[in-house]
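Student: Next comes the structure file upload34.cif, holding mmCIF, C-alpha atoms and all ligand atoms.
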data_work
#
loop_
_atom_site.group_PDB
_atom_site.id
_atom_site.type_symbol
_atom_site.label_atom_id
_atom_site.label_comp_id
_atom_site.auth_asym_id
_atom_site.auth_seq_id
_atom_site.Cartn_x
_atom_site.Cartn_y
_atom_site.Cartn_z
ATOM 1 C CA MET G 87 0.000 0.000 0.000
ATOM 2 C CA ASN G 88 1.152 3.583 -0.636
ATOM 3 C CA ILE G 89 0.836 5.544 2.603
ATOM 4 C CA ALA G 90 1.413 9.252 3.288
ATOM 5 C CA VAL G 91 2.127 10.147 6.924
ATOM 6 C CA ALA G 92 1.289 13.781 7.698
ATOM 7 C CA GLY G 93 3.623 14.745 10.531
ATOM 8 C CA GLY G 94 5.872 11.732 9.877
ATOM 9 C CA THR G 95 8.801 13.343 11.730
ATOM 10 C CA GLY G 96 6.835 13.879 14.970
ATOM 11 C CA THR G 97 6.689 11.920 18.237
ATOM 12 C CA VAL G 98 4.175 9.343 16.987
ATOM 13 C CA GLY G 99 4.717 10.005 13.271
ATOM 14 C CA ARG G 100 8.262 8.653 13.205
ATOM 15 C CA HIS G 101 7.018 5.359 14.687
ATOM 16 C CA VAL G 102 4.226 5.225 12.084
ATOM 17 C CA VAL G 103 6.772 5.658 9.278
ATOM 18 C CA THR G 104 9.127 2.986 10.685
ATOM 19 C CA ILE G 105 6.360 0.442 11.359
ATOM 20 C CA ALA G 106 4.646 0.962 7.986
ATOM 21 C CA ARG G 107 7.958 0.615 6.112
ATOM 22 C CA GLY G 108 8.803 -2.461 8.211
ATOM 23 C CA ARG G 109 5.548 -4.061 7.041
ATOM 24 C CA GLY G 110 6.491 -3.469 3.410
ATOM 25 C CA HIS G 111 4.387 -0.377 2.611
ATOM 26 C CA ARG G 112 5.692 2.486 0.465
ATOM 27 C CA VAL G 113 5.692 5.524 2.732
ATOM 28 C CA VAL G 114 6.057 9.235 2.112
ATOM 29 C CA SER G 115 6.386 11.534 5.138
ATOM 30 C CA LEU G 116 4.869 15.022 4.971
ATOM 31 C CA SER G 117 6.319 17.823 7.093
ATOM 32 C CA ARG G 118 7.705 21.296 6.573
ATOM 33 C CA ALA G 119 11.229 19.928 7.055
ATOM 34 C CA GLU G 120 10.502 17.634 4.093
ATOM 35 C CA GLY G 121 9.096 20.397 1.857
ATOM 36 C CA VAL G 122 5.338 20.098 2.477
ATOM 37 C CA ASP G 123 3.415 22.802 4.349
ATOM 38 C CA LEU G 124 0.048 21.361 5.349
ATOM 39 C CA VAL G 125 -1.333 24.742 6.463
ATOM 40 C CA SER G 126 -0.744 26.507 3.139
ATOM 41 C CA GLY G 127 -1.005 23.260 1.128
ATOM 42 C CA SER G 128 2.315 23.944 -0.595
ATOM 43 C CA GLY G 129 3.826 20.733 -2.045
ATOM 44 C CA LEU G 130 0.833 18.611 -0.932
ATOM 45 C CA ALA G 131 -0.711 17.704 -4.319
ATOM 46 C CA GLU G 132 2.634 16.421 -5.633
ATOM 47 C CA ALA G 133 3.265 14.422 -2.444
ATOM 48 C CA LEU G 134 -0.172 12.722 -2.542
ATOM 49 C CA GLY G 135 0.176 11.456 -6.129
ATOM 50 C CA GLY G 136 -0.390 7.662 -6.115
ATOM 51 C CA VAL G 137 -1.143 7.554 -2.362
ATOM 52 C CA ASP G 138 -3.877 5.130 -1.206
ATOM 53 C CA THR G 139 -4.073 6.070 2.492
ATOM 54 C CA VAL G 140 -3.207 9.148 4.528
ATOM 55 C CA ILE G 141 -2.331 8.772 8.220
ATOM 56 C CA ASP G 142 -2.704 12.207 9.785
ATOM 57 C CA VAL G 143 -0.493 12.812 12.819
ATOM 58 C CA ALA G 144 0.449 16.437 12.161
ATOM 59 C CA ASN G 145 0.358 18.645 15.239
ATOM 60 C CA THR G 146 0.690 22.142 16.642
ATOM 61 C CA GLN G 147 2.068 23.000 20.089
ATOM 62 C CA THR G 148 -0.443 25.775 20.842
ATOM 63 C CA LEU G 149 -2.794 25.690 23.845
ATOM 64 C CA ASN G 150 -4.849 28.559 22.402
ATOM 65 C CA GLY G 151 -8.295 27.441 21.204
ATOM 66 C CA LYS G 152 -8.534 29.695 18.150
ATOM 67 C CA LYS G 153 -5.004 28.906 16.975
ATOM 68 C CA SER G 154 -5.648 25.187 17.441
ATOM 69 C CA VAL G 155 -8.941 25.330 15.504
ATOM 70 C CA ASP G 156 -7.258 27.358 12.731
ATOM 71 C CA PHE G 157 -4.377 24.872 12.479
ATOM 72 C CA PHE G 158 -6.395 21.637 12.435
ATOM 73 C CA THR G 159 -9.091 23.119 10.171
ATOM 74 C CA ALA G 160 -6.500 24.250 7.621
ATOM 75 C CA VAL G 161 -4.370 21.085 7.755
ATOM 76 C CA THR G 162 -7.239 18.584 7.720
ATOM 77 C CA GLY G 163 -9.246 20.577 5.165
ATOM 78 C CA ASN G 164 -6.252 20.713 2.816
ATOM 79 C CA MET G 165 -5.545 17.005 3.172
ATOM 80 C CA LEU G 166 -9.157 15.948 2.627
ATOM 81 C CA ARG G 167 -9.646 18.214 -0.428
ATOM 82 C CA THR G 168 -6.293 17.478 -2.033
ATOM 83 C CA GLY G 169 -6.497 13.809 -1.070
ATOM 84 C CA THR G 170 -9.922 13.405 -2.701
ATOM 85 C CA ALA G 171 -8.663 15.073 -5.896
ATOM 86 C CA ALA G 172 -5.534 12.874 -5.902
ATOM 87 C CA GLY G 173 -7.527 9.617 -5.533
ATOM 88 C CA VAL G 174 -6.716 8.864 -1.875
ATOM 89 C CA ARG G 175 -9.175 6.201 -0.645
ATOM 90 C CA HIS G 176 -8.797 6.300 3.143
ATOM 91 C CA HIS G 177 -8.009 9.044 5.667
ATOM 92 C CA VAL G 178 -6.856 7.868 9.111
ATOM 93 C CA ALA G 179 -6.785 10.574 11.799
ATOM 94 C CA LEU G 180 -5.385 10.458 15.323
ATOM 95 C CA SER G 181 -7.375 12.339 17.931
ATOM 96 C CA ILE G 182 -7.388 12.501 21.737
ATOM 97 C CA VAL G 183 -9.560 10.662 24.245
ATOM 98 C CA GLY G 184 -12.206 13.090 25.512
ATOM 99 C CA ALA G 185 -11.963 15.499 22.559
ATOM 100 C CA ASP G 186 -15.742 15.949 22.682
ATOM 101 C CA LYS G 187 -15.944 16.355 26.473
ATOM 102 C CA ALA G 188 -13.730 19.429 26.827
ATOM 103 C CA SER G 189 -13.948 21.447 23.667
ATOM 104 C CA ALA G 190 -11.622 24.195 24.866
ATOM 105 C CA GLY G 191 -8.032 25.250 24.236
ATOM 106 C CA TYR G 192 -6.038 22.765 22.162
ATOM 107 C CA TYR G 193 -8.898 20.237 22.332
ATOM 108 C CA ALA G 194 -11.200 22.594 20.391
ATOM 109 C CA GLY G 195 -8.924 22.078 17.378
ATOM 110 C CA LYS G 196 -9.064 18.305 17.758
ATOM 111 C CA LEU G 197 -12.865 18.368 17.800
ATOM 112 C CA ALA G 198 -12.899 20.599 14.694
ATOM 113 C CA GLN G 199 -10.545 18.095 13.024
ATOM 114 C CA GLU G 200 -12.781 15.140 13.945
ATOM 115 C CA ASN G 201 -15.851 16.947 12.565
ATOM 116 C CA LEU G 202 -14.155 17.634 9.245
ATOM 117 C CA VAL G 203 -12.963 14.038 8.891
ATOM 118 C CA SER G 204 -16.263 12.420 9.911
ATOM 119 C CA HIS G 205 -18.269 14.630 7.501
ATOM 120 C CA SER G 206 -15.859 14.136 4.633
ATOM 121 C CA GLU G 207 -16.767 12.226 1.480
ATOM 122 C CA LEU G 208 -13.386 10.494 1.783
ATOM 123 C CA PRO G 209 -13.775 7.186 3.710
ATOM 124 C CA TRP G 210 -12.214 7.561 7.151
ATOM 125 C CA THR G 211 -11.061 6.091 10.431
ATOM 126 C CA ILE G 212 -10.589 8.068 13.667
ATOM 127 C CA LEU G 213 -8.559 6.665 16.557
ATOM 128 C CA ARG G 214 -8.540 8.547 19.858
ATOM 129 C CA ALA G 215 -5.575 7.913 22.163
ATOM 130 C CA THR G 216 -4.592 9.200 25.598
ATOM 131 C CA GLN G 217 -1.426 11.229 26.269
ATOM 132 C CA PHE G 218 1.814 9.592 25.145
ATOM 133 C CA HIS G 219 4.463 8.707 27.761
ATOM 134 C CA GLU G 220 6.565 11.490 26.191
ATOM 135 C CA PHE G 221 4.011 14.058 27.395
ATOM 136 C CA ALA G 222 5.462 14.036 30.938
ATOM 137 C CA ALA G 223 8.991 14.677 29.646
ATOM 138 C CA GLN G 224 7.667 17.536 27.485
ATOM 139 C CA MET G 225 5.800 18.922 30.497
ATOM 140 C CA LEU G 226 8.987 18.839 32.599
ATOM 141 C CA GLN G 227 10.769 20.917 29.970
ATOM 142 C CA ARG G 228 7.917 23.391 29.388
ATOM 143 C CA SER G 229 6.926 23.924 33.024
ATOM 144 C CA SER G 230 10.395 24.389 34.508
ATOM 145 C CA VAL G 231 11.494 27.700 35.942
ATOM 146 C CA GLY G 232 14.982 27.125 37.333
ATOM 147 C CA PRO G 233 14.851 24.406 40.018
ATOM 148 C CA VAL G 234 11.024 24.409 40.095
ATOM 149 C CA ALA G 235 8.487 22.808 37.739
ATOM 150 C CA LEU G 236 4.870 24.006 37.955
ATOM 151 C CA VAL G 237 2.605 21.192 36.768
ATOM 152 C CA PRO G 238 -1.207 21.379 36.472
ATOM 153 C CA ARG G 239 -3.118 18.686 38.381
ATOM 154 C CA MET G 240 -4.177 16.135 35.780
ATOM 155 C CA ALA G 241 -5.229 12.492 35.856
ATOM 156 C CA THR G 242 -3.849 10.581 32.891
ATOM 157 C CA GLN G 243 -3.500 7.044 31.574
ATOM 158 C CA PRO G 244 -0.462 7.450 29.330
ATOM 159 C CA VAL G 245 0.238 5.136 26.411
ATOM 160 C CA ALA G 246 3.334 4.273 24.369
ATOM 161 C CA ALA G 247 3.507 6.337 21.168
ATOM 162 C CA ARG G 248 4.830 3.226 19.414
ATOM 163 C CA GLU G 249 1.681 1.272 20.324
ATOM 164 C CA VAL G 250 -0.491 4.125 19.041
ATOM 165 C CA ALA G 251 1.516 4.041 15.807
ATOM 166 C CA GLU G 252 0.939 0.274 15.510
ATOM 167 C CA ALA G 253 -2.813 0.843 15.913
ATOM 168 C CA LEU G 254 -2.752 3.511 13.190
ATOM 169 C CA VAL G 255 -0.931 1.249 10.724
ATOM 170 C CA ASN G 256 -3.360 -1.577 11.621
ATOM 171 C CA ALA G 257 -6.217 0.821 10.819
ATOM 172 C CA ALA G 258 -4.641 1.757 7.482
ATOM 173 C CA GLU G 259 -4.368 -1.935 6.599
ATOM 174 C CA ALA G 260 -7.928 -2.735 7.757
ATOM 175 C CA GLY G 261 -9.575 -0.012 5.647
ATOM 176 C CA PRO G 262 -12.148 2.638 6.643
ATOM 177 C CA GLN G 263 -13.937 1.842 9.938
ATOM 178 C CA GLY G 264 -15.241 5.203 11.249
ATOM 179 C CA ARG G 265 -14.563 5.655 14.986
ATOM 180 C CA VAL G 266 -12.596 2.740 16.416
ATOM 181 C CA ALA G 267 -12.164 1.871 20.118
ATOM 182 C CA ASP G 268 -10.169 4.450 22.067
ATOM 183 C CA LEU G 269 -6.640 3.457 23.099
ATOM 184 C CA GLY G 270 -5.223 4.212 26.558
ATOM 185 C CA GLY G 271 -2.251 3.012 28.562
ATOM 186 C CA PRO G 272 -2.320 0.296 31.250
ATOM 187 C CA GLU G 273 -2.173 2.531 34.383
ATOM 188 C CA ARG G 274 -3.835 5.661 35.788
ATOM 189 C CA LYS G 275 -1.403 8.252 37.169
ATOM 190 C CA TYR G 276 -1.153 11.896 38.123
ATOM 191 C CA LEU G 277 0.908 13.988 35.722
ATOM 192 C CA ALA G 278 3.011 15.557 38.505
ATOM 193 C CA ASP G 279 4.213 12.094 39.628
ATOM 194 C CA LEU G 280 5.262 11.259 36.065
ATOM 195 C CA VAL G 281 7.081 14.592 35.747
ATOM 196 C CA ARG G 282 8.929 13.867 39.030
ATOM 197 C CA ALA G 283 9.974 10.457 37.686
ATOM 198 C CA CYS G 284 11.281 12.072 34.464
ATOM 199 C CA ALA G 285 13.299 14.624 36.461
ATOM 200 C CA ARG G 286 14.817 11.829 38.618
ATOM 201 C CA LYS G 287 15.698 9.798 35.525
ATOM 202 C CA GLN G 288 17.427 12.833 34.002
ATOM 203 C CA GLY G 289 19.341 13.432 37.235
ATOM 204 C CA GLN G 290 17.627 16.806 37.751
ATOM 205 C CA LYS G 291 16.998 18.037 41.303
ATOM 206 C CA LYS G 292 13.591 19.538 40.618
ATOM 207 C CA LEU G 293 10.861 20.650 42.993
ATOM 208 C CA VAL G 294 7.651 19.676 41.164
ATOM 209 C CA ILE G 295 4.705 21.727 42.413
ATOM 210 C CA GLU G 296 1.209 20.677 41.418
ATOM 211 C CA PHE G 297 -1.291 23.512 40.957
ATOM 212 C CA THR G 298 -4.945 23.888 40.001
ATOM 213 C CA ALA G 299 -4.965 25.331 36.501
ATOM 214 C CA PRO G 300 -7.975 27.475 35.520
ATOM 215 C CA GLY G 301 -10.434 26.820 32.684
ATOM 216 C CA PRO G 302 -12.777 24.047 31.506
ATOM 217 C CA LEU G 303 -10.073 21.932 29.837
ATOM 218 C CA TRP G 304 -7.884 21.652 32.936
ATOM 219 C CA ARG G 305 -10.974 21.053 35.104
ATOM 220 C CA ALA G 306 -11.871 18.107 32.890
ATOM 221 C CA MET G 307 -8.289 16.831 33.031
ATOM 222 C CA ARG G 308 -8.225 17.164 36.819
ATOM 223 C CA ASN G 309 -11.550 15.380 37.290
ATOM 224 C CA GLY G 310 -10.565 12.431 35.129
ATOM 225 C CA ASP G 311 -13.207 13.283 32.504
ATOM 226 C CA LEU G 312 -10.656 12.691 29.750
ATOM 227 C CA LEU G 313 -9.643 9.197 30.834
ATOM 228 C CA PRO G 314 -10.598 6.213 28.654
ATOM 229 C CA VAL G 315 -13.979 4.654 29.339
ATOM 230 C CA ALA G 316 -14.822 0.943 29.694
ATOM 231 C CA GLY G 317 -14.437 -0.903 26.410
ATOM 232 C CA SER G 318 -11.334 1.043 25.334
ATOM 233 C CA ALA G 319 -8.266 -0.782 24.058
ATOM 234 C CA VAL G 320 -5.463 -0.992 26.638
ATOM 235 C CA GLY G 321 -1.799 -0.584 25.746
ATOM 236 C CA ARG G 322 0.912 -2.861 27.127
ATOM 237 C CA GLN G 323 3.921 -0.715 28.059
ATOM 238 C CA THR G 324 3.759 1.057 31.442
ATOM 239 C CA PHE G 325 5.221 4.505 31.993
ATOM 240 C CA SER G 326 8.020 3.036 34.169
ATOM 241 C CA GLU G 327 8.940 0.502 31.487
ATOM 242 C CA TRP G 328 9.064 3.291 28.921
ATOM 243 C CA LEU G 329 11.183 5.498 31.190
ATOM 244 C CA ASN G 330 13.626 2.679 32.034
ATOM 245 C CA ALA G 331 14.041 1.882 28.344
ATOM 246 C CA ARG G 332 15.028 5.474 27.447
HETATM 247 N N1 LIG R 1 1.350 14.115 22.232
HETATM 248 C C1 LIG R 1 0.361 13.416 22.832
HETATM 249 O O1 LIG R 1 0.442 13.084 24.034
HETATM 250 C C2 LIG R 1 -0.848 13.000 22.004
HETATM 251 C C3 LIG R 1 -1.808 12.139 22.562
HETATM 252 C C4 LIG R 1 -2.916 11.720 21.771
HETATM 253 C C5 LIG R 1 -3.042 12.185 20.470
HETATM 254 N N2 LIG R 1 -2.089 13.043 19.975
HETATM 255 C C6 LIG R 1 -2.246 13.497 18.596
HETATM 256 O O2 LIG R 1 -1.175 12.926 17.852
HETATM 257 C C7 LIG R 1 -0.862 13.779 16.751
HETATM 258 C C8 LIG R 1 0.646 13.932 16.668
HETATM 259 O O3 LIG R 1 1.133 14.470 17.888
HETATM 260 P P1 LIG R 1 2.722 14.457 18.183
HETATM 261 O O4 LIG R 1 2.850 14.846 19.615
HETATM 262 O O5 LIG R 1 3.313 13.198 17.669
HETATM 263 O O6 LIG R 1 3.185 15.673 17.265
HETATM 264 P P2 LIG R 1 4.609 16.394 17.226
HETATM 265 O O7 LIG R 1 5.671 15.568 17.870
HETATM 266 O O8 LIG R 1 4.410 17.795 17.706
HETATM 267 O O9 LIG R 1 4.921 16.415 15.653
HETATM 268 C C9 LIG R 1 4.190 17.251 14.794
HETATM 269 C C10 LIG R 1 4.449 16.885 13.349
HETATM 270 O O10 LIG R 1 3.644 17.747 12.525
HETATM 271 C C11 LIG R 1 4.484 18.373 11.570
HETATM 272 N N3 LIG R 1 3.934 19.689 11.238
HETATM 273 C C12 LIG R 1 3.610 20.703 12.084
HETATM 274 N N4 LIG R 1 3.156 21.770 11.391
HETATM 275 C C13 LIG R 1 3.189 21.418 10.078
HETATM 276 C C14 LIG R 1 2.857 22.085 8.866
HETATM 277 N N5 LIG R 1 2.402 23.353 8.850
HETATM 278 N N6 LIG R 1 3.028 21.433 7.695
HETATM 279 C C15 LIG R 1 3.514 20.161 7.685
HETATM 280 N N7 LIG R 1 3.817 19.473 8.785
HETATM 281 C C16 LIG R 1 3.669 20.089 9.983
HETATM 282 C C17 LIG R 1 5.858 18.455 12.254
HETATM 283 O O11 LIG R 1 6.917 18.594 11.318
HETATM 284 P P3 LIG R 1 7.542 20.050 10.915
HETATM 285 O O12 LIG R 1 7.638 20.838 12.202
HETATM 286 O O13 LIG R 1 8.851 19.744 10.281
HETATM 287 O O14 LIG R 1 6.596 20.655 9.962
HETATM 288 C C18 LIG R 1 5.908 17.090 12.935
HETATM 289 O O15 LIG R 1 6.264 16.096 11.997
HETATM 290 C C19 LIG R 1 -1.651 15.084 16.978
HETATM 291 O O16 LIG R 1 -2.787 15.076 16.146
HETATM 292 C C20 LIG R 1 -2.069 15.007 18.428
HETATM 293 O O17 LIG R 1 -3.300 15.669 18.687
HETATM 294 C C21 LIG R 1 -1.008 13.442 20.683
#
Do you think you could lay out the structure here as structure tokens?
Tutor:
Amino acid sequence: MNIAVAGGTGTVGRHVVTIARGRGHRVVSLSRAEGVDLVSGSGLAEALGGVDTVIDVANTQTLNGKKSVDFFTAVTGNMLRTGTAAGVRHHVALSIVGADKASAGYYAGKLAQENLVSHSELPWTILRATQFHEFAAQMLQRSSVGPVALVPRMATQPVAAREVAEALVNAAEAGPQGRVADLGGPERKYLADLVRACARKQGQKKLVIEFTAPGPLWRAMRNGDLLPVAGSAVGRQTFSEWLNAR
């Protein structure tokens, strides 16, 4: 199968590319570093020539709702339009568990993305996953001010990005299925504890302070509203196993 991976250089995207190539698929990765801008659409039509399936794992780092909606609307809209014109037959999108329960901040963009995909004439699959294990390491970096890290209180059930990538390639191979079962990791944790473990592993003496972040998105994260529900698929690798393997 010919597969295009939008965001193929990212945290989950690089696993998607490696796994798909390992299973014998022809893979093209789409990112700005590789000459394709998914927001403007520059280079996209050429890159999608001959592609059967798009796996969309492009991302923006913003927490701002409007910027997130603008990004995912532009990127997904461009891929669906250009993909349809190029003869793509299946669009696989990765979303986040709870995208419909807290449509604020970054999550507002994910919901906009899901709506575009699920109303598209291009046959589709949407997989929602929980936070990747890498999220805690990213949070340590972003929330650090000198020897202190300020981490919002959040319940999470983190999953291995590699296992999410496997599920996405499985979905590409299975063909369009609509919404598939959500995928979460094997254990429930608090984000601050994971950030502390990352700091210890990196040999950093860091005081990790948990605080109550304002707004509907963080309230939902705090209350566990964005955790996977019964019937979700459960990943194998625990956070500790992931951290020890780094
Ligand atoms: N991180 C998590 O914990 C998590 C959990 C569940 C679901 N997800 C979903 O998984 C997806 C991927 O997340 P990630 O954390 O793996 O992303 P990431 O590491 O931030 O990677 C983002 C990718 O998108 C590309 N990209 C960004 N802007 C682009 C543009 N204008 N044109 C072309 N490519 C662009 C980047 O390459 P360039 O910068 O070179 O363009 C990179 O390859 C997202 O949809 C996210 O919502 C993430």
Student: May I have a table of the residues of chain G lying at most 8 Å from ligand LIG 1 (chain R), giving each one's closest pair of atoms and their distance in Å to one decimal, counting only C-alpha atoms and all ligand atoms, ordered by chain and ascending residue number, as CSV?
Tutor:
residue,atom,partner,partner_atom,distance
G:Ala92,CA,R:LIG1,N7,6.3
G:Gly93,CA,R:LIG1,O15,3.3
G:Gly94,CA,R:LIG1,O15,4.9
G:Thr95,CA,R:LIG1,O15,3.8
G:Gly96,CA,R:LIG1,O9,3.2
G:Thr97,CA,R:LIG1,O5,3.7
G:Val98,CA,R:LIG1,O5,4.0
G:Gly99,CA,R:LIG1,O5,5.6
G:Arg100,CA,R:LIG1,O15,7.8
G:Leu116,CA,R:LIG1,N7,6.0
G:Ser117,CA,R:LIG1,N7,3.4
G:Arg118,CA,R:LIG1,O14,3.6
G:Ala119,CA,R:LIG1,O13,4.0
G:Glu120,CA,R:LIG1,O13,6.7
G:Val122,CA,R:LIG1,C15,5.5
G:Asp123,CA,R:LIG1,N6,3.6
G:Leu124,CA,R:LIG1,N6,3.8
G:Val125,CA,R:LIG1,N5,4.6
G:Ser126,CA,R:LIG1,N5,7.2
G:Gly127,CA,R:LIG1,N6,7.9
G:Asp142,CA,R:LIG1,O16,7.0
G:Val143,CA,R:LIG1,C7,4.1
G:Ala144,CA,R:LIG1,O10,3.5
G:Asn145,CA,R:LIG1,C9,4.1
G:Thr146,CA,R:LIG1,C12,5.6
G:Gln147,CA,R:LIG1,O8,6.2
G:Phe157,CA,R:LIG1,N5,7.8
G:Val161,CA,R:LIG1,N5,7.2
G:Ala179,CA,R:LIG1,O16,7.4
G:Leu180,CA,R:LIG1,O16,5.4
G:Ser181,CA,R:LIG1,C5,5.0
G:Ile182,CA,R:LIG1,C5,4.5
G:Val183,CA,R:LIG1,C4,7.2
G:Lys196,CA,R:LIG1,O17,6.4
G:Arg214,CA,R:LIG1,C5,6.6
G:Ala215,CA,R:LIG1,C4,4.7
G:Thr216,CA,R:LIG1,C4,4.9
G:Gln217,CA,R:LIG1,O1,3.5
G:Phe218,CA,R:LIG1,O1,3.9
G:His219,CA,R:LIG1,O1,7.0
G:Glu220,CA,R:LIG1,O1,6.7
G:Phe221,CA,R:LIG1,O1,5.0
G:Pro244,CA,R:LIG1,O1,7.8
G:Ala247,CA,R:LIG1,O5,7.7
Student: Taking a cut-off of 9 Å and counting all atoms listed in the file, can you build a table that, for each residue of region 179-242 of chain G near region 299-308 of chain G, reports the nearest atom pair and how far apart they are in Å (one decimal), sorted by chain then residue number, as a tab-separated table?
Tutor:
residue	atom	partner	partner_atom	distance
G:Gly184	CA	G:Ala306	CA	8.9
G:Lys187	CA	G:Ala306	CA	7.8
G:Ala188	CA	G:Leu303	CA	5.4
G:Ser189	CA	G:Leu303	CA	7.3
G:Ala190	CA	G:Leu303	CA	5.7
G:Gly191	CA	G:Leu303	CA	6.8
G:Tyr192	CA	G:Leu303	CA	8.7
G:Tyr193	CA	G:Leu303	CA	7.8
G:Val237	CA	G:Ala299	CA	8.6
G:Pro238	CA	G:Ala299	CA	5.5
G:Arg239	CA	G:Arg308	CA	5.6
G:Met240	CA	G:Arg308	CA	4.3
G:Ala241	CA	G:Arg308	CA	5.6
G:Thr242	CA	G:Met307	CA	7.7
Student: Using only C-alpha atoms, can you tell me which of G:Asn330, G:Thr324, G:Thr162, G:Thr298 comes closest to Cys284 (chain G)?
Tutor: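 Checking each of G:Asn330, G:Thr324, G:Thr162, G:Thr298 against Cys284 (chain G), counting only C-alpha atoms, the winner is G:Asn330.
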Student: Hey, which of G:Arg282, G:Arg265, G:Arg332, G:Arg248 ends up closest to Thr104 (chain G)? Count only C-alpha atoms.
Tutor: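 Closest residue, counting only C-alpha atoms: G:Arg248.
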Student: Using only C-alpha atoms, pick whichever of G:Leu329, G:Leu312, G:Ile89, G:Leu134 has the shortest atom-to-atom distance to Ala246 (chain G).
Tutor: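 Checking each candidate against Ala246 (chain G), we get G:Leu329 as the closest.
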Student: What is the CA of Asp279 (chain G) to CA of Val294 (chain G) distance in Å?
Tutor: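 CA of Val294 (chain G) lies 8.5 Å from CA of Asp279 (chain G).
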Student: Which one of G:Gln227, G:Gln263, G:Asn309, G:Ser128 sits closest to Gln288 (chain G) if you count only C-alpha atoms?
Tutor: G:Gln227
Student: Counting all atoms listed in the file, which of G:Ser318, G:Gln199, G:Gln323, G:Thr170 gets nearest to Val155 (chain G)?
Tutor: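 For Val155 (chain G), the nearest of the candidates is G:Gln199.
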Student: Can you spell out as a PDB file with C-alpha atoms, in the frame of the given file the set of residues that the PyMOL selection byres (((chain G and resi 264) around 7) and not hetatm) selects in the structure I just provided?
Tutor:
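After the write, expr_1.pdb holds the following:
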ATOM      1  CA  TRP G 210     -12.214   7.561   7.151  1.00  0.00           C
ATOM      2  CA  THR G 211     -11.061   6.091  10.431  1.00  0.00           C
ATOM      3  CA  ILE G 212     -10.589   8.068  13.667  1.00  0.00           C
ATOM      4  CA  PRO G 262     -12.148   2.638   6.643  1.00  0.00           C
ATOM      5  CA  GLN G 263     -13.937   1.842   9.938  1.00  0.00           C
ATOM      6  CA  ARG G 265     -14.563   5.655  14.986  1.00  0.00           C
ATOM      7  CA  VAL G 266     -12.596   2.740  16.416  1.00  0.00           C
TER       8      VAL G 266
END
Student: Please, what distance in Å, to one decimal, runs between CA of Gly151 (chain G) and CA of Ala198 (chain G)?
Tutor: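 Computing it gives 10.5 Å between the two atoms.
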Student: Any idea what's packed within 10 Å of Ser229 (chain G), counting all atoms listed in the file, ignoring anything in its chain fewer than 4 positions away? Could you give it as a list in words?
Tutor: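 Neighbouring residues, sequence-local ones excluded: Gln224, Met225, Val234, Ala235, Leu236, Val237, Pro238, Val281, Val294 and Ile295 of chain G.
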Student: Pick the closest to Ala222 (chain G) from G:Lys152, G:Ser326, G:Ala172, G:Glu259: which is it, counting all atoms listed in the file?
Tutor: G:Ser326
Student: Could you list, as a compact mmCIF listing (two decimals) with C-alpha atoms, keeping the file's coordinate frame, every residue within 10 Å of Pro233 (chain G), counting only C-alpha atoms and ignoring same-chain residues fewer than 2 positions away?
Tutor:
# COMPACT_ATOMS: atom_id res chain seq x y z
CA SER G 230 10.40 24.39 34.51
CA VAL G 231 11.49 27.70 35.94
CA ALA G 235 8.49 22.81 37.74
CA GLN G 290 17.63 16.81 37.75
CA LYS G 291 17.00 18.04 41.30
CA LYS G 292 13.59 19.54 40.62
CA LEU G 293 10.86 20.65 42.99
CA VAL G 294 7.65 19.68 41.16
Student: For the PyMOL selection byres (((chain G and resi 319) around 9) and not hetatm), applied here, can you spell out every residue it catches as a list in words?
Tutor: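 With the PyMOL selection byres (((chain G and resi 319) around 9) and not hetatm) on this model, the match is Ala267, Asp268, Leu269, Gly270, Gly271, Pro314, Ala316, Gly317, Ser318, Val320 and Gly321 of chain G.
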Student: Output as a PDB file, in the coordinates of the input: region 303-311 of chain G, completed with N, CA and C atoms.
Tutor:
ATOM      1  N   LEU G 303     -10.887  23.066  30.288  1.00  0.00           N
ATOM      2  CA  LEU G 303     -10.073  21.932  29.837  1.00  0.00           C
ATOM      3  C   LEU G 303      -9.313  21.316  31.009  1.00  0.00           C
ATOM      4  N   TRP G 304      -8.663  22.179  31.817  1.00  0.00           N
ATOM      5  CA  TRP G 304      -7.884  21.652  32.936  1.00  0.00           C
ATOM      6  C   TRP G 304      -8.802  21.063  34.004  1.00  0.00           C
ATOM      7  N   ARG G 305     -10.024  21.630  34.143  1.00  0.00           N
ATOM      8  CA  ARG G 305     -10.974  21.053  35.104  1.00  0.00           C
ATOM      9  C   ARG G 305     -11.304  19.613  34.688  1.00  0.00           C
ATOM     10  N   ALA G 306     -11.548  19.445  33.395  1.00  0.00           N
ATOM     11  CA  ALA G 306     -11.871  18.107  32.890  1.00  0.00           C
ATOM     12  C   ALA G 306     -10.684  17.161  33.085  1.00  0.00           C
ATOM     13  N   MET G 307      -9.479  17.675  32.872  1.00  0.00           N
ATOM     14  CA  MET G 307      -8.289  16.831  33.031  1.00  0.00           C
ATOM     15  C   MET G 307      -8.093  16.440  34.499  1.00  0.00           C
ATOM     16  N   ARG G 308      -8.370  17.392  35.381  1.00  0.00           N
ATOM     17  CA  ARG G 308      -8.225  17.164  36.819  1.00  0.00           C
ATOM     18  C   ARG G 308      -9.223  16.120  37.306  1.00  0.00           C
ATOM     19  N   ASN G 309     -10.466  16.233  36.803  1.00  0.00           N
ATOM     20  CA  ASN G 309     -11.550  15.380  37.290  1.00  0.00           C
ATOM     21  C   ASN G 309     -11.526  13.977  36.691  1.00  0.00           C
ATOM     22  N   GLY G 310     -10.617  13.744  35.767  1.00  0.00           N
ATOM     23  CA  GLY G 310     -10.565  12.431  35.129  1.00  0.00           C
ATOM     24  C   GLY G 310     -11.588  12.263  34.017  1.00  0.00           C
ATOM     25  N   ASP G 311     -12.194  13.381  33.564  1.00  0.00           N
ATOM     26  CA  ASP G 311     -13.207  13.283  32.504  1.00  0.00           C
ATOM     27  C   ASP G 311     -12.600  12.847  31.168  1.00  0.00           C
TER      28      ASP G 311
END
